[in-house]
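Asker: See work05.tsv below, with TSV, C-alpha atoms.
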chain	number	residue	atom	x	y	z
A	1	MET	CA	125.59	-132.88	178.82
A	2	ASP	CA	122.83	-135.30	179.78
A	3	GLN	CA	120.40	-132.72	181.02
A	4	PRO	CA	116.77	-133.46	181.66
A	5	SER	CA	114.34	-131.36	179.65
A	6	SER	CA	113.06	-130.04	182.96
A	7	SER	CA	116.30	-128.05	183.27
A	8	GLY	CA	114.23	-124.94	182.79
A	9	TYR	CA	115.16	-124.31	179.18
A	10	SER	CA	112.29	-123.09	177.05
A	11	TYR	CA	112.49	-124.46	173.55
A	12	PRO	CA	111.20	-122.43	170.60
A	13	PRO	CA	107.86	-123.42	169.03
A	14	PHE	CA	109.35	-125.26	166.03
A	15	TRP	CA	110.92	-127.80	168.35
A	16	SER	CA	107.51	-129.31	168.99
A	17	TYR	CA	106.75	-129.97	165.31
A	18	PRO	CA	107.87	-133.34	163.93
A	19	PRO	CA	108.65	-132.14	160.37
A	20	TYR	CA	111.54	-130.08	161.70
A	21	PHE	CA	113.31	-133.20	162.87
A	22	THR	CA	113.59	-134.48	159.31
A	23	LEU	CA	116.12	-133.00	156.94
A	24	GLN	CA	114.01	-131.11	154.39
A	25	PRO	CA	114.74	-131.69	150.71
A	26	VAL	CA	113.46	-128.40	149.32
A	27	LYS	CA	116.24	-125.83	149.31
A	28	ASP	CA	114.34	-122.86	150.77
A	29	THR	CA	112.69	-124.91	153.48
A	30	ARG	CA	115.98	-126.55	154.27
A	31	GLU	CA	117.67	-123.19	154.64
A	32	ARG	CA	114.99	-121.95	156.99
A	33	GLN	CA	115.12	-125.17	158.97
A	34	SER	CA	118.90	-124.98	159.28
A	35	GLY	CA	118.68	-121.39	160.41
A	36	LEU	CA	116.25	-122.27	163.18
A	37	TRP	CA	118.27	-125.24	164.35
A	38	GLY	CA	121.48	-123.19	164.24
A	39	GLN	CA	119.91	-120.57	166.46
A	40	LEU	CA	118.66	-123.19	168.88
A	41	ILE	CA	122.07	-124.86	169.12
A	42	LEU	CA	123.85	-121.59	169.78
A	43	ASP	CA	121.31	-120.40	172.31
A	44	TYR	CA	121.19	-123.71	174.18
A	45	CYS	CA	124.97	-123.87	174.38
A	46	ARG	CA	125.20	-120.29	175.51
A	47	LYS	CA	122.65	-120.79	178.29
A	48	HIS	CA	124.25	-123.99	179.53
A	49	LYS	CA	127.87	-122.95	178.90
A	50	ILE	CA	128.50	-125.85	176.57
A	51	TYR	CA	131.55	-125.41	174.39
A	52	VAL	CA	131.87	-128.71	172.56
A	53	ILE	CA	129.19	-130.88	171.01
A	54	ASN	CA	129.98	-134.53	170.63
A	55	THR	CA	128.05	-135.63	167.57
A	56	GLY	CA	127.98	-139.23	168.70
A	57	ALA	CA	126.59	-138.52	172.15
A	58	GLU	CA	123.25	-137.41	173.54
A	59	PHE	CA	122.45	-133.76	173.25
A	60	PRO	CA	119.04	-132.75	174.64
A	61	PRO	CA	117.99	-130.35	171.87
A	62	PHE	CA	118.47	-133.09	169.26
A	63	HIS	CA	115.85	-135.29	170.87
A	64	ASN	CA	112.31	-134.36	171.81
A	65	PRO	CA	110.77	-137.24	173.74
A	66	ALA	CA	107.36	-135.54	173.91
A	67	ILE	CA	106.85	-135.96	170.18
A	68	ASN	CA	109.11	-138.99	169.96
A	69	ARG	CA	111.40	-137.41	167.41
A	70	ARG	CA	115.19	-137.40	167.17
A	71	LEU	CA	117.54	-135.73	164.71
A	72	GLN	CA	119.39	-138.12	162.46
A	73	HIS	CA	123.16	-138.06	162.51
A	74	SER	CA	123.25	-136.69	158.97
A	75	ALA	CA	120.93	-133.84	159.96
A	76	ILE	CA	123.10	-133.00	162.96
A	77	ILE	CA	126.19	-132.89	160.78
A	78	ALA	CA	124.38	-130.78	158.19
A	79	PHE	CA	123.22	-128.16	160.69
A	80	LEU	CA	126.62	-128.02	162.37
A	81	ASP	CA	128.28	-127.67	158.97
A	82	ASP	CA	126.10	-124.66	158.33
A	83	LEU	CA	127.13	-123.13	161.64
A	84	VAL	CA	130.77	-123.72	160.73
A	85	SER	CA	130.37	-121.98	157.39
A	86	GLN	CA	128.82	-119.01	159.19
A	87	GLY	CA	131.82	-118.86	161.49
A	88	ASN	CA	129.87	-119.80	164.59
A	89	ALA	CA	131.43	-123.21	165.05
A	90	GLU	CA	134.51	-125.23	164.21
A	91	TRP	CA	135.20	-128.91	163.71
A	92	LEU	CA	137.86	-130.09	166.10
A	93	ASP	CA	138.62	-133.24	164.16
A	94	LYS	CA	138.53	-134.51	160.58
A	95	HIS	CA	135.79	-137.04	161.27
A	96	LYS	CA	133.41	-134.45	162.63
A	97	ARG	CA	133.04	-136.06	166.00
A	98	GLN	CA	133.71	-132.99	168.03
A	99	CYS	CA	132.38	-129.56	167.23
A	100	LEU	CA	133.54	-126.43	169.00
A	101	VAL	CA	130.52	-124.18	169.36
A	102	LEU	CA	131.38	-120.50	169.19
A	103	TRP	CA	128.29	-118.99	170.76
A	104	ARG	CA	130.76	-116.24	171.50
A	105	LYS	CA	133.41	-115.45	168.91
A	106	VAL	CA	137.07	-116.05	169.76
A	107	SER	CA	137.82	-112.35	169.58
A	108	ASP	CA	134.97	-111.66	171.98
A	109	TRP	CA	136.40	-114.21	174.39
A	110	ALA	CA	139.75	-112.48	174.04
A	111	ASP	CA	138.07	-109.23	175.01
A	112	THR	CA	136.31	-110.89	177.95
A	113	ILE	CA	139.63	-112.23	179.23
A	114	TYR	CA	141.41	-108.93	178.77
A	115	ASN	CA	138.63	-107.02	180.51
A	116	PHE	CA	138.83	-109.43	183.42
A	117	VAL	CA	142.56	-108.87	183.64
A	118	ARG	CA	142.17	-105.10	183.51
A	119	THR	CA	139.34	-105.04	186.06
A	120	TYR	CA	141.31	-106.91	188.66
A	121	GLY	CA	144.61	-105.17	188.01
A	122	LEU	CA	146.33	-108.32	186.79
A	123	THR	CA	148.37	-106.66	184.06
A	124	ASP	CA	152.11	-107.18	184.39
A	125	SER	CA	151.52	-110.14	186.63
A	126	VAL	CA	152.02	-113.75	185.74
A	127	MET	CA	149.14	-116.20	185.79
A	128	VAL	CA	148.81	-119.90	185.32
A	129	VAL	CA	146.71	-120.40	182.19
A	130	ASP	CA	144.32	-122.78	183.91
A	131	ASP	CA	143.59	-120.21	186.61
A	132	LEU	CA	141.75	-118.26	183.94
A	133	SER	CA	139.10	-120.94	183.55
A	134	SER	CA	139.01	-122.54	186.97
A	135	GLY	CA	139.84	-121.52	190.48
A	136	ASP	CA	138.73	-118.88	192.91
A	137	ASP	CA	139.64	-115.85	190.85
A	138	VAL	CA	137.22	-116.56	188.01
A	139	ALA	CA	134.45	-118.20	190.04
A	140	GLY	CA	131.16	-116.59	189.15
A	141	THR	CA	132.45	-114.85	186.05
A	142	ASP	CA	131.91	-115.65	182.39
A	143	LEU	CA	135.29	-117.30	182.29
A	144	ALA	CA	134.56	-120.08	184.76
A	145	GLY	CA	134.50	-123.43	183.00
A	146	LEU	CA	135.78	-122.05	179.71
A	147	ASP	CA	136.92	-124.80	177.35
A	148	ARG	CA	140.69	-125.08	177.27
A	149	THR	CA	140.97	-125.10	173.49
A	150	LEU	CA	138.91	-121.93	173.30
A	151	LEU	CA	140.87	-120.35	176.13
A	152	LEU	CA	144.19	-120.98	174.40
A	153	ARG	CA	142.81	-119.65	171.11
A	154	ALA	CA	141.69	-116.47	172.77
A	155	LEU	CA	145.03	-116.07	174.52
A	156	LYS	CA	146.90	-116.57	171.25
A	157	LEU	CA	144.74	-113.88	169.71
A	158	LEU	CA	145.64	-111.54	172.56
A	159	GLU	CA	149.27	-112.46	172.00
A	160	SER	CA	149.04	-111.43	168.36
A	161	ARG	CA	147.56	-108.13	169.50
A	162	GLY	CA	150.53	-107.65	171.80
A	163	LYS	CA	148.42	-107.77	174.95
A	164	ALA	CA	149.70	-111.05	176.34
A	165	ARG	CA	152.56	-113.45	176.19
A	166	LEU	CA	152.28	-117.19	176.66
A	167	PHE	CA	155.26	-118.99	178.06
A	168	LYS	CA	156.21	-122.25	179.66
A	169	GLY	CA	157.94	-122.87	182.90
A	170	ASP	CA	160.44	-125.55	183.75
A	171	THR	CA	157.95	-128.37	183.83
A	172	PRO	CA	155.38	-129.07	181.09
A	173	GLU	CA	152.57	-128.45	183.54
A	174	GLU	CA	153.60	-124.88	183.97
A	175	GLU	CA	151.82	-122.93	181.28
A	176	GLY	CA	151.83	-119.30	182.10
A	177	VAL	CA	150.61	-116.10	180.59
A	178	LYS	CA	151.67	-112.54	181.24
A	179	PHE	CA	149.37	-109.68	180.35
A	180	PHE	CA	150.50	-106.25	179.31
A	181	GLY	CA	148.71	-103.02	180.01
B	182	MET	CA	150.72	-94.66	160.48
B	183	GLY	CA	149.84	-98.00	159.03
B	184	ASN	CA	151.50	-99.79	161.90
B	185	LEU	CA	148.81	-101.70	163.74
B	186	ILE	CA	150.98	-102.67	166.67
B	187	SER	CA	152.02	-99.51	168.44
B	188	SER	CA	155.57	-99.24	169.65
B	189	SER	CA	154.46	-98.90	173.26
B	190	SER	CA	153.02	-102.42	173.35
B	191	LYS	CA	156.32	-103.84	172.17
B	192	LYS	CA	158.16	-102.18	175.02
B	193	GLN	CA	157.58	-104.62	177.84
B	194	GLN	CA	156.99	-107.84	175.97
B	195	SER	CA	159.79	-109.73	177.65
B	196	VAL	CA	159.32	-112.48	180.16
B	197	SER	CA	161.91	-112.26	182.89
B	198	GLU	CA	163.38	-114.84	185.21
B	199	ALA	CA	161.28	-113.34	187.96
B	200	ASP	CA	158.19	-114.05	185.87
B	201	ARG	CA	159.22	-117.67	185.46
B	202	SER	CA	159.77	-118.03	189.18
B	203	MET	CA	156.37	-116.54	189.84
B	204	LEU	CA	154.83	-118.97	187.36
B	205	ALA	CA	156.53	-121.88	189.12
B	206	LEU	CA	155.14	-120.68	192.46
B	207	LYS	CA	151.61	-120.23	191.16
B	208	ALA	CA	151.67	-123.53	189.30
B	209	GLN	CA	152.76	-125.21	192.52
B	210	ARG	CA	149.93	-123.54	194.37
B	211	LYS	CA	147.44	-124.74	191.80
B	212	ARG	CA	148.75	-128.29	192.01
B	213	LEU	CA	148.44	-128.24	195.80
B	214	VAL	CA	144.91	-126.86	195.65
B	215	ASP	CA	143.89	-129.53	193.14
B	216	GLN	CA	145.31	-132.21	195.42
B	217	GLN	CA	143.41	-130.74	198.31
B	218	ARG	CA	140.21	-131.07	196.35
B	219	LEU	CA	141.01	-134.70	195.61
B	220	LEU	CA	141.69	-135.43	199.27
B	221	GLU	CA	138.46	-133.76	200.31
B	222	ALA	CA	136.55	-135.95	197.88
B	223	ARG	CA	138.28	-139.04	199.32
B	224	VAL	CA	137.41	-138.04	202.86
B	225	ASP	CA	133.77	-137.65	201.89
B	226	ARG	CA	133.76	-141.04	200.21
B	227	HIS	CA	135.29	-142.76	203.21
B	228	ALA	CA	132.68	-141.15	205.44
B	229	GLU	CA	129.90	-142.51	203.21
B	230	VAL	CA	131.37	-146.01	203.19
B	231	ALA	CA	131.81	-146.00	206.96
B	232	ARG	CA	128.21	-144.92	207.43
B	233	ALA	CA	126.98	-147.71	205.18
B	234	LEU	CA	129.10	-150.29	207.02
B	235	VAL	CA	127.74	-149.16	210.37
B	236	ARG	CA	124.21	-149.52	209.02
B	237	GLU	CA	125.10	-153.08	207.97
B	238	ASN	CA	126.48	-153.60	211.46
B	239	LYS	CA	130.03	-154.30	210.22
B	240	LYS	CA	131.67	-152.37	212.99
B	241	ASP	CA	135.24	-153.61	212.55
B	242	ARG	CA	135.33	-152.73	208.89
B	243	ALA	CA	133.72	-149.39	209.60
B	244	LEU	CA	136.46	-148.67	212.13
B	245	LEU	CA	139.12	-149.47	209.52
B	246	VAL	CA	137.54	-147.11	207.01
B	247	LEU	CA	137.33	-144.39	209.62
B	248	LYS	CA	141.04	-144.83	210.33
B	249	LYS	CA	141.78	-144.40	206.64
B	250	LYS	CA	139.61	-141.31	206.61
B	251	ARG	CA	141.59	-139.90	209.52
B	252	LEU	CA	144.86	-140.50	207.67
B	253	VAL	CA	143.62	-138.69	204.61
B	254	GLU	CA	142.36	-135.83	206.77
B	255	LYS	CA	145.79	-135.44	208.31
B	256	GLN	CA	147.33	-135.45	204.88
B	257	GLY	CA	144.91	-132.70	203.95
B	258	GLU	CA	145.98	-130.65	206.96
B	259	THR	CA	149.63	-130.86	205.98
B	260	LEU	CA	148.70	-129.91	202.46
B	261	ALA	CA	146.70	-126.95	203.69
B	262	GLY	CA	149.80	-125.80	205.57
B	263	MET	CA	151.88	-126.02	202.40
B	264	VAL	CA	149.28	-124.08	200.44
B	265	MET	CA	149.40	-121.35	203.08
B	266	ASN	CA	153.19	-121.12	202.77
B	267	VAL	CA	153.11	-120.88	199.01
B	268	GLU	CA	150.30	-118.30	199.15
B	269	ALA	CA	152.28	-116.25	201.64
B	270	LEU	CA	155.33	-116.29	199.39
B	271	VAL	CA	153.31	-115.37	196.30
B	272	SER	CA	151.73	-112.56	198.25
B	273	SER	CA	155.07	-111.18	199.49
B	274	VAL	CA	156.62	-111.33	196.04
B	275	GLU	CA	153.67	-109.49	194.51
B	276	THR	CA	153.69	-106.90	197.27
B	277	GLN	CA	157.41	-106.37	196.82
B	278	GLN	CA	156.89	-105.96	193.08
B	279	GLN	CA	154.25	-103.32	193.73
B	280	GLN	CA	156.50	-101.54	196.19
B	281	ASN	CA	159.27	-101.47	193.64
B	282	LYS	CA	156.93	-100.00	191.08
B	283	VAL	CA	155.80	-97.33	193.51
B	284	PHE	CA	159.43	-96.55	194.33
B	285	HIS	CA	160.27	-96.16	190.65
B	286	ALA	CA	157.29	-93.94	190.06
B	287	LEU	CA	158.20	-91.71	193.00
B	288	LYS	CA	161.81	-91.61	191.87
B	289	GLN	CA	160.75	-90.52	188.41
B	290	GLY	CA	158.53	-87.83	189.82
B	291	ASN	CA	161.37	-86.63	191.99
B	292	GLU	CA	163.72	-86.43	189.02
B	293	ALA	CA	161.18	-84.42	187.07
B	294	LEU	CA	160.83	-82.03	189.97
B	295	LYS	CA	164.59	-81.56	190.27
B	296	GLN	CA	164.91	-80.85	186.57
B	297	LEU	CA	162.19	-78.25	186.71
B	298	GLN	CA	163.86	-76.60	189.67
B	299	GLN	CA	167.16	-76.48	187.81
B	300	ALA	CA	165.49	-74.68	184.94
B	301	VAL	CA	164.45	-71.82	187.22
B	302	THR	CA	166.64	-71.25	190.33
B	303	VAL	CA	166.20	-68.96	193.33
B	304	ASP	CA	169.01	-66.77	191.97
B	305	ASP	CA	167.12	-66.39	188.71
B	306	VAL	CA	164.08	-65.24	190.62
B	307	GLN	CA	166.06	-62.80	192.72
B	308	ARG	CA	167.74	-61.31	189.69
B	309	MET	CA	164.41	-60.98	187.98
B	310	MET	CA	162.94	-59.16	191.02
B	311	GLU	CA	165.91	-56.79	191.11
B	312	ASP	CA	165.47	-56.00	187.44
B	313	ALA	CA	161.82	-55.32	188.06
B	314	ALA	CA	162.62	-52.99	190.96
B	315	GLN	CA	165.15	-51.14	188.87
B	316	ALA	CA	162.68	-50.74	186.05
B	317	LYS	CA	160.11	-49.39	188.48
B	318	ALA	CA	162.58	-46.83	189.92
B	319	GLN	CA	163.45	-45.70	186.45
B	320	TYR	CA	159.82	-45.23	185.58
B	321	GLU	CA	159.14	-43.19	188.69
B	322	GLU	CA	162.15	-40.99	188.06
B	323	MET	CA	161.02	-40.41	184.53
B	324	SER	CA	157.51	-39.44	185.63
B	325	GLU	CA	158.94	-36.98	188.12
B	326	VAL	CA	161.10	-35.35	185.51
B	327	LEU	CA	158.29	-35.26	182.98
B	328	GLY	CA	156.02	-33.76	185.64
B	329	GLN	CA	158.37	-30.84	186.24
B	330	SER	CA	157.40	-27.54	184.61
B	331	LEU	CA	158.69	-26.80	181.16
B	332	SER	CA	158.52	-22.96	181.36
B	333	ASP	CA	160.70	-20.59	183.46
B	334	VAL	CA	157.83	-19.19	185.47
B	335	ASP	CA	158.87	-18.02	188.95
B	336	THR	CA	157.10	-20.37	191.29
B	337	GLU	CA	157.51	-18.05	194.31
B	338	GLN	CA	155.77	-15.15	192.64
B	339	VAL	CA	152.89	-17.32	191.53
B	340	GLU	CA	152.52	-18.70	195.02
B	341	ALA	CA	152.46	-15.22	196.54
B	342	GLU	CA	149.66	-14.25	194.14
B	343	LEU	CA	147.72	-17.30	195.23
B	344	GLN	CA	148.08	-16.24	198.90
B	345	VAL	CA	146.71	-12.77	198.13
B	346	LEU	CA	143.67	-14.22	196.42
B	347	GLU	CA	143.03	-16.49	199.39
B	348	ASP	CA	143.22	-13.55	201.86
B	349	GLN	CA	140.81	-11.52	199.76
B	350	SER	CA	138.26	-14.24	199.68
B	351	LEU	CA	138.49	-14.64	203.50
B	352	GLN	CA	137.92	-10.90	204.00
B	353	GLN	CA	134.75	-10.94	201.91
B	354	GLU	CA	133.33	-13.72	204.00
B	355	ALA	CA	134.13	-11.89	207.23
B	356	GLU	CA	132.28	-8.69	206.15
B	357	SER	CA	128.99	-10.49	205.59
B	358	LEU	CA	128.84	-11.67	209.23
B	359	PRO	CA	127.32	-9.40	212.05
B	360	SER	CA	130.02	-7.59	213.94
B	361	VAL	CA	130.85	-8.55	217.49
B	362	PRO	CA	130.02	-5.65	219.99
B	363	ALA	CA	133.23	-3.97	220.96
B	364	THR	CA	132.17	-0.70	222.97
B	365	ARG	CA	131.04	-0.39	226.61
B	366	HIS	CA	127.81	1.32	225.58
B	367	GLN	CA	126.71	-1.74	223.73
B	368	GLN	CA	127.53	-3.84	226.77
B	369	GLN	CA	125.29	-1.65	229.06
B	370	GLU	CA	122.30	-2.07	226.77
B	371	VAL	CA	122.61	-5.76	227.42
B	372	GLY	CA	122.32	-5.04	231.20
B	373	THR	CA	119.00	-2.99	230.94
B	374	LEU	CA	116.98	-5.90	229.65
B	375	PRO	CA	113.94	-6.69	231.85
B	376	SER	CA	114.31	-9.56	234.30
B	377	VAL	CA	112.38	-12.74	233.67
B	378	PRO	CA	108.89	-12.58	235.42
B	379	THR	CA	107.95	-15.40	237.80
B	380	THR	CA	104.44	-14.81	239.24
B	381	ALA	CA	102.47	-12.85	236.65
B	382	PRO	CA	102.01	-15.71	234.22
B	383	GLN	CA	100.38	-17.88	237.01
B	384	ARG	CA	97.59	-15.28	237.71
B	385	GLN	CA	97.06	-14.93	234.02
B	386	ARG	CA	96.43	-18.62	233.74
B	387	GLU	CA	93.91	-18.66	236.64
B	388	GLN	CA	91.94	-15.88	234.94
B	389	GLU	CA	91.82	-17.88	231.81
B	390	VAL	CA	90.45	-20.93	233.64
B	391	GLU	CA	87.63	-18.84	235.29
B	392	GLU	CA	86.65	-17.42	231.96
B	393	GLU	CA	86.36	-20.91	230.57
B	394	ALA	CA	84.14	-22.05	233.49
B	395	GLU	CA	81.70	-19.13	232.91
B	396	GLU	CA	81.42	-19.95	229.29
B	397	ALA	CA	80.71	-23.66	229.83
B	398	PRO	CA	77.27	-23.37	231.68
B	399	ALA	CA	76.24	-20.76	229.12
B	400	ARG	CA	76.79	-23.36	226.43
B	401	ALA	CA	75.09	-26.25	228.30
B	402	PRO	CA	71.47	-24.88	228.50
B	403	MET	CA	71.63	-24.35	224.78
B	404	LEU	CA	72.28	-28.07	224.33
B	405	ALA	CA	69.40	-29.11	226.62
B	406	ALA	CA	67.01	-27.19	224.48
Spit out the file's structure as structure tokens when you get a sec.
Answerer:
Amino acid sequence: MDQPSSSGYSYPPFWSYPPYFTLQPVKDTRERQSGLWGQLILDYCRKHKIYVINTGAEFPPFHNPAINRRLQHSAIIAFLDDLVSQGNAEWLDKHKRQCLVLWRKVSDWADTIYNFVRTYGLTDSVMVVDDLSSGDDVAGTDLAGLDRTLLLRALKLLESRGKARLFKGDTPEEEGVKFFG
Amino acid sequence: MGNLISSSSKKQQSVSEADRSMLALKAQRKRLVDQQRLLEARVDRHAEVARALVRENKKDRALLVLKKKRLVEKQGETLAGMVMNVEALVSSVETQQQQNKVFHALKQGNEALKQLQQAVTVDDVQRMMEDAAQAKAQYEEMSEVLGQSLSDVDTEQVEAELQVLEDQSLQQEAESLPSVPATRHQQQEVGTLPSVPTTAPQRQREQEVEEEAEEAPARAPMLAA
């Protein structure tokens, strides 16, 4: 996640203004600020296929070296909390160290997976769960590099819709999924 | 109606032994492929180290590293062979599964066809055609009977009357034509007709030409004036 700012990402205008890097006290301003930061976080993660933000680690959008400003930890937590309450993120742990960023909703991921399965005629065939996020079959598609937690969530959702069935093989490594047409 | 999960999706929700075997195969394949990747990375690393050692002129150590690299490469080759075998098996199992599905589909289609044929047999068709022929014969017979005359009029007499009328009309036509000569006298008249002249018309034409020539000069002087 340590990406240089010359990665080609174009930040929105507010990112160059120092005031935005300080948590605003006034309610209306704070709401607007949070909205802008929320958008930036989602967009940045979507473009770079980042699924989890580690609040203790470096994350390029939170630090603008050009204006020598950095978001405080409390601000980061606050903005992520707002994303969580909107349903666009989830805390993975109680201490808010890891945040799952849902720049695409779980149900949309479920649809993406199911469409992939339908497109390549994989219904009624058994697949290793990990082959849905890595390997030759998904290379170049949206699914490549998908976070495992998110992948399993999406698969469980498909299971509840009756479109898939997760099962284990003889060894714990063998996690399989069967899709139904 | 309020059932969100349709009954069709609950039909094939079971995971069979065959599925588990397939999972085991594919998981094995994945494990092998992951190991391959690891070995490739090791080979690359050894190559780097060897290069660096050669640059530092530590030839013996470089040789050792290259030997290690060769070992790992051979391991990779064996692994690649195993991956091929597993892939081949996965492929055959999947192909066989598809073939079975196709067989079942064809079988079902065949059954449907047989059932349809049982519903309407060749005998049925033949019987139906016979009935149709019979109905047609009946209809034709009926038309014939209906077409027959209802009164007791004597057909022969009526036909004789028709013949008389026809003869009369013929006679009237014949009278309006000129009669063909029948007596000898008439034939002789035909013989006294003058014969066709042959020379007279030529002289007549020469006279006409001379007359034209005389007229022409008479006309010319008039023009000159």
Asker: For a test of reading the model, state the distance in Å between atom CA of B:Ala341 and atom CA of B:Glu322, rounded to one decimal.
Answerer: 28.8 Å
Asker: Sorted by chain and rising residue number, list the residues of chain A at most 8 Å from chain B (counting all atoms listed in the file), each with its closest atom pair and distance in Å to one decimal, as a tab-separated table.
Answerer:
residue	atom	partner	partner_atom	distance
A:Ser125	CA	B:Asp200	CA	7.8
A:Val126	CA	B:Leu204	CA	6.1
A:Met127	CA	B:Leu204	CA	6.5
A:Val128	CA	B:Ala208	CA	6.1
A:Asp131	CA	B:Lys211	CA	7.9
A:Arg161	CA	B:Ile186	CA	7.0
A:Gly162	CA	B:Ser190	CA	6.0
A:Lys163	CA	B:Ser190	CA	7.2
A:Ala164	CA	B:Gln194	CA	8.0
A:Arg165	CA	B:Gln194	CA	7.2
A:Phe167	CA	B:Val196	CA	8.0
A:Lys168	CA	B:Arg201	CA	8.0
A:Gly169	CA	B:Arg201	CA	5.9
A:Asp170	CA	B:Ala205	CA	7.6
A:Glu173	CA	B:Ala208	CA	7.6
A:Glu174	CA	B:Ala208	CA	5.8
A:Glu175	CA	B:Leu204	CA	7.9
A:Gly176	CA	B:Leu204	CA	6.1
A:Lys178	CA	B:Val196	CA	7.7
A:Phe180	CA	B:Gln193	CA	7.4
A:Gly181	CA	B:Ser190	CA	8.0
Asker: Tell me, in Å to one decimal, how far atom CA of A:Val129 is from atom CA of A:Gly145.
Answerer: 12.6 Å
Asker: What's around A:Phe62 at 8 Å? Count only C-alpha atoms, leave out sequence neighbours fewer than 5 positions away in its own chain, and write the answer as a list in words.
Answerer: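 Using only C-alpha atoms, the neighbours found are Arg70, Leu71 and Ile76 of chain A.
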Asker: So that I can check the surroundings of A:Leu158, please list as a PDB file with C-alpha atoms, in the frame of the given file every protein, DNA and RNA residue that reaches within 10 Å of it, counting all atoms listed in the file and ignoring chain neighbours fewer than 5 positions away.
Answerer:
ATOM      1  CA  SER A 107     137.820-112.350 169.580  1.00  0.00           C
ATOM      2  CA  TRP A 109     136.400-114.210 174.390  1.00  0.00           C
ATOM      3  CA  ALA A 110     139.750-112.480 174.040  1.00  0.00           C
ATOM      4  CA  ASP A 111     138.070-109.230 175.010  1.00  0.00           C
ATOM      5  CA  ILE A 113     139.630-112.230 179.230  1.00  0.00           C
ATOM      6  CA  TYR A 114     141.410-108.930 178.770  1.00  0.00           C
ATOM      7  CA  LEU A 152     144.190-120.980 174.400  1.00  0.00           C
ATOM      8  CA  ARG A 153     142.810-119.650 171.110  1.00  0.00           C
ATOM      9  CA  LYS A 163     148.420-107.770 174.950  1.00  0.00           C
ATOM     10  CA  ALA A 164     149.700-111.050 176.340  1.00  0.00           C
ATOM     11  CA  ARG A 165     152.560-113.450 176.190  1.00  0.00           C
ATOM     12  CA  LEU A 166     152.280-117.190 176.660  1.00  0.00           C
ATOM     13  CA  PHE A 179     149.370-109.680 180.350  1.00  0.00           C
ATOM     14  CA  PHE A 180     150.500-106.250 179.310  1.00  0.00           C
TER      15      PHE A 180
END
Asker: Any idea what the distance is between atom CA of B:Ala313 and atom CA of B:Gln298?
Answerer: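 Between atom CA of B:Ala313 and atom CA of B:Gln298 the gap is 21.4 Å.
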Asker: Would you mind listing what lies within 9 Å of A:Asp147 as a compact mmCIF listing (two decimals) with C-alpha atoms, keeping the file's coordinate frame, with all atoms listed in the file counted and same-chain residues fewer than 6 positions away left out?
Answerer:
# COMPACT_ATOMS: atom_id res chain seq x y z
CA ILE A 50 128.50 -125.85 176.57
CA TYR A 51 131.55 -125.41 174.39
CA VAL A 52 131.87 -128.71 172.56
CA SER A 133 139.10 -120.94 183.55
Asker: Ranking A:Gly87, A:Pro13, A:Pro19, A:Pro25 by minimum distance to A:Leu42 and counting all atoms listed in the file, which one comes first?
Answerer: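 The answer is A:Gly87, which sits nearest to A:Leu42.
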Asker: Rank A:Ala66, A:Leu40, A:Asn54, A:Ser34 by their smallest atom-to-atom distance to A:Pro18, using all atoms listed in the file, and report the top residue only.
Answerer: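 When distances to A:Pro18 are compared using all atoms listed in the file, the smallest one comes from A:Ala66.
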Asker: Given the choices B:Ala222, B:Val283, B:Leu213, B:Leu297, which gets closest to B:Glu268 if the distance is worked out from all atoms listed in the file?
Answerer: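 For B:Glu268, the nearest of the candidates is B:Leu213.
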Asker: Check the smallest atom-to-atom distance from each of A:Leu102, A:Leu132, A:Leu151, A:Ile67 to A:Leu83 using all atoms listed in the file, then report the winner.
Answerer: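 Under the stated criterion, the closest residue is A:Leu102.
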Asker: Let me make sure I understand: among B:Leu270, B:Val230, B:Met323, B:Val224, which one has the smallest atom-to-atom distance to B:Lys255 if we use all atoms listed in the file?
Answerer: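 Between B:Leu270, B:Val230, B:Met323, B:Val224, the residue approaching B:Lys255 most closely is B:Val224.
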Asker: Around the point (135.8, -131.9, 167.6) in the file's coordinates, collect all residues with an atom within 9 Å, using all atoms listed in the file, and return them as a PyMOL selection string.
Answerer: chain A and resi 52-55+90-100
